[in-house]
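Undergrad: I am attaching a structure below and will ask some questions about it afterwards.
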Amino acid sequence: MEKNNSNKPDPYQALRYREFNVFLILRFAMVFAWAMQFIVIEWEVYSITKNPLSLGIIGLMEVIPAVSMALFAGHIVDQREKKGLLVKCILGFSVISFGLFLVTWPRVVSGLSSDVILYSIYILVFLGGLVRAFLGPTIFSLLSLIIPKKAYPNAATWSSTVWQIGAVLGPAVAGFSINWIGVHWSMCLVFGFSVLSLIALSQISKKPIINPKIGESIKDSLTEGLTFVFRNQIVLGALSLDMIAVLFGGAVALLPVFAQDILKVGSEGFGILRAAPAVGSFITMLVSAYVPLYKNAGKKLLTAIFIFGLSIILFGFSTYFWLSVFALFLSGLADGISVVIRQTILQLKTPDHMRGRVGAVNSIFVGSSNELGAFESGATAKLMGTVTSVIFGGSVTLLTVLGFGLISPTFRNLDLQKDMDDHHNME
């Protein structure tokens, strides 16, 4: 009887570790701050330029350093103590947030031209891309040092859930705070949350460096990391699918255009639109804590991304505010499934000593594709028109999923149940 109970999934398994709960507070504060900052800056830049391409440039300014430095960052993360490195990342983000606080303060920039303000924002966003190159792999690596392997899938679910809570509240608070207290004081709130994340991090102890190859050359280190990812069909497939979906199906970069010029719902409507997909993802992740997604994971991931593409097409066609909100909400439900399955694959399939490098490749494929997708959306909106570009992106996502499902039976038939059983047997 006791054996059967022990084999039942425990939805709160990871939450029974104190440092993991502190980690969740830290993760929430950083995601909230970063999501809110990006939305505030999007609004400010489009208000200055009234040009959708300028929204794409924001993404490009962040993706260039994030991609170019990611592999080097992964090497550094695997060679260094994770807590100390994360402190440096958060301090870097705090300095950037304070800079954006100053550059959006009317009393400070009253004598500056719009171009100077705009370029200052772009420079700070570029520096933020450098920080992101290190932040993602560091957090991914630290998570695995806080909890035992048997709790990885459950921890991935809760970590992703908290990520979505921050992604829900950040844009929503940004939309309302822009209207209530203005762009400048909204950036002050962002800075405050970055300080909160530092306070939370102080409650986590230093962790040992697991990598047995300390001092390994950068060339050998990066070669090993890239070889692992590109030879592992499951890891590569999960990263590639999500990258395509975010790159071509991400309509969120154009939401300021929809809010201001198409749906005409103002900053509060913009906040609702921006939060809708994250609300959907949040609900999915709460459910997934009780209903694990690792059985038939391949089919579930392909189906989720297909639904994501359909919802983006629906959003592109919609001219009604609440239908647009529903379409984005549906995209979030599907994306939530994708995120949980992908994070579970990475946590289960990645060796401990390579987590920084694999996390860096993940940031290139998925994290940076958000910014590259923003540039793609802005550029195609300029060329095709806003609505056409969104429909085009959703269509590319559908075709990619159908093609991948046909040519990769190994991924289509992926089931993570065996990996879960193996980890439980090791404990």
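Naming works like this for the structure tokens: A, B, ... for the chains as they're shown, residue 1 at the start of each chain, ligands 1 onward in shown order.
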Tell me which protein, DNA and RNA residues are within 10 Å of Ser318 of chain A, counting only C-alpha atoms, leaving out same-chain ones fewer than 5 positions away, and put them as a list in words.
TA: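 Final neighbour list, sorted by chain and number: Ile262, Leu263, Ile312, Ile313, Leu323, Ser324, Val325, Ala327 and Val387 of chain A.
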Undergrad: List as a ChimeraX atom specification the protein and nucleic acid residues near Met187 of chain A, meaning an atom at most 7 Å away when only C-alpha atoms are counted, but skip any in the same chain fewer than 4 places from it.
TA: /A:37,97,100-101,183,191
Undergrad: Using N, CA, C and O atoms, can you export the residues from the last selection as a PDB file, in the first residue's frame?
TA:
ATOM      1  N   GLN A  37       9.596  45.747 -17.745  1.00  0.00           N
ATOM      2  CA  GLN A  37      10.520  46.687 -18.380  1.00  0.00           C
ATOM      3  C   GLN A  37      10.385  46.647 -19.902  1.00  0.00           C
ATOM      4  O   GLN A  37      10.351  47.689 -20.559  1.00  0.00           O
ATOM      5  N   SER A  97      18.215  48.930 -15.502  1.00  0.00           N
ATOM      6  CA  SER A  97      16.884  49.433 -15.137  1.00  0.00           C
ATOM      7  C   SER A  97      16.961  50.858 -14.600  1.00  0.00           C
ATOM      8  O   SER A  97      16.117  51.700 -14.909  1.00  0.00           O
ATOM      9  N   LEU A 100      17.385  53.186 -17.503  1.00  0.00           N
ATOM     10  CA  LEU A 100      16.118  53.427 -18.202  1.00  0.00           C
ATOM     11  C   LEU A 100      15.203  54.325 -17.368  1.00  0.00           C
ATOM     12  O   LEU A 100      14.426  55.122 -17.917  1.00  0.00           O
ATOM     13  N   PHE A 101      15.298  54.197 -16.061  1.00  0.00           N
ATOM     14  CA  PHE A 101      14.564  55.095 -15.162  1.00  0.00           C
ATOM     15  C   PHE A 101      14.983  56.549 -15.404  1.00  0.00           C
ATOM     16  O   PHE A 101      14.147  57.453 -15.491  1.00  0.00           O
ATOM     17  N   VAL A 183       5.445  56.378 -17.617  1.00  0.00           N
ATOM     18  CA  VAL A 183       6.551  55.499 -17.986  1.00  0.00           C
ATOM     19  C   VAL A 183       7.681  55.583 -16.963  1.00  0.00           C
ATOM     20  O   VAL A 183       8.253  54.563 -16.558  1.00  0.00           O
ATOM     21  N   PHE A 191      12.956  48.648 -11.155  1.00  0.00           N
ATOM     22  CA  PHE A 191      14.206  48.668 -10.386  1.00  0.00           C
ATOM     23  C   PHE A 191      13.998  48.077  -8.991  1.00  0.00           C
ATOM     24  O   PHE A 191      14.834  47.331  -8.488  1.00  0.00           O
TER      25      PHE A 191
END
Undergrad: Which residue, A:Ile146, A:Ala304, A:Leu333, A:Leu124, has the smallest gap to Val287 of chain A when you use only C-alpha atoms?
TA: A:Leu333
Undergrad: Output as CSV one row per residue of segment 234-294 of chain A within 9 Å of segment 337-343 of chain A: the closest atom pair and its distance in Å to one decimal place, counting only C-alpha atoms, sorted by chain and residue number ascending.
TA:
residue,atom,partner,partner_atom,distance
A:Val235,CA,A:Arg342,CA,8.2
A:Ala238,CA,A:Arg342,CA,5.9
A:Leu239,CA,A:Arg342,CA,7.4
A:Asp242,CA,A:Ser338,CA,7.4
A:Ser281,CA,A:Ile337,CA,7.5
A:Thr284,CA,A:Ile337,CA,6.5
A:Met285,CA,A:Val340,CA,7.1
A:Ser288,CA,A:Val340,CA,8.0
A:Leu293,CA,A:Ile341,CA,6.6
A:Tyr294,CA,A:Ile341,CA,6.7
Undergrad: Using backbone DSSP assignments, extract all alpha helix (DSSP H) residues from segment 168-231 of chain A; output them as a PyMOL selection string.
TA: chain A and resi 168-180+182-201+218-231
Undergrad: Excluding Asp335 of chain A and residues on its chain fewer than 4 positions from it, collect all residues at most 12 Å away from it, counting only C-alpha atoms, and give them as JSON, numbers by chain.
TA: {"A": [160, 161, 164, 241, 242, 243, 245, 246, 249, 250, 276, 277, 278, 279, 280, 281, 282, 283, 284, 285, 300, 301, 302, 303, 304, 305, 306, 307, 308, 309, 310, 311, 312, 328, 329, 330, 331, 339, 340, 341, 342]}
Undergrad: Using only C-alpha atoms, find the one residue out of A:Val229, A:Met36, A:Val109, A:Val131 that sits nearest to Ala174 of chain A.
TA: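 That would be A:Met36, the residue with the smallest distance to Ala174 of chain A.
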Undergrad: With the cut-off set at 6 Å and counting only C-alpha atoms, tabulate each residue of segment 115-151 of chain A with an atom at most that distance from an atom of segment 71-84 of chain A, showing the nearest atom pair and its distance in Å to one decimal, ordered by chain and increasing number, as CSV.
TA:
residue,atom,partner,partner_atom,distance
A:Phe134,CA,A:Ala73,CA,5.2
A:Thr138,CA,A:Val77,CA,6.0
A:Leu142,CA,A:Lys82,CA,6.0
Undergrad: Set the distance at 7 Å and use only C-alpha atoms: which residues neighbour segment 197-199 of chain A once local chain neighbours fewer than 6 positions away are removed? I'd like the list as a PyMOL selection string.
TA: chain A and resi 26+29-30+87+90
Undergrad: Take the residues that were just selected and, keeping C-alpha atoms, output them as a CSV table (one decimal), in the first residue's frame.
TA:
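Result saved to out08.csv:
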chain,number,residue,atom,x,y,z
A,26,LEU,CA,13.9,35.2,-7.0
A,29,ALA,CA,11.0,39.0,-9.2
A,30,MET,CA,13.3,38.8,-12.1
A,87,VAL,CA,24.5,38.1,-8.2
A,90,ILE,CA,21.1,40.8,-11.3
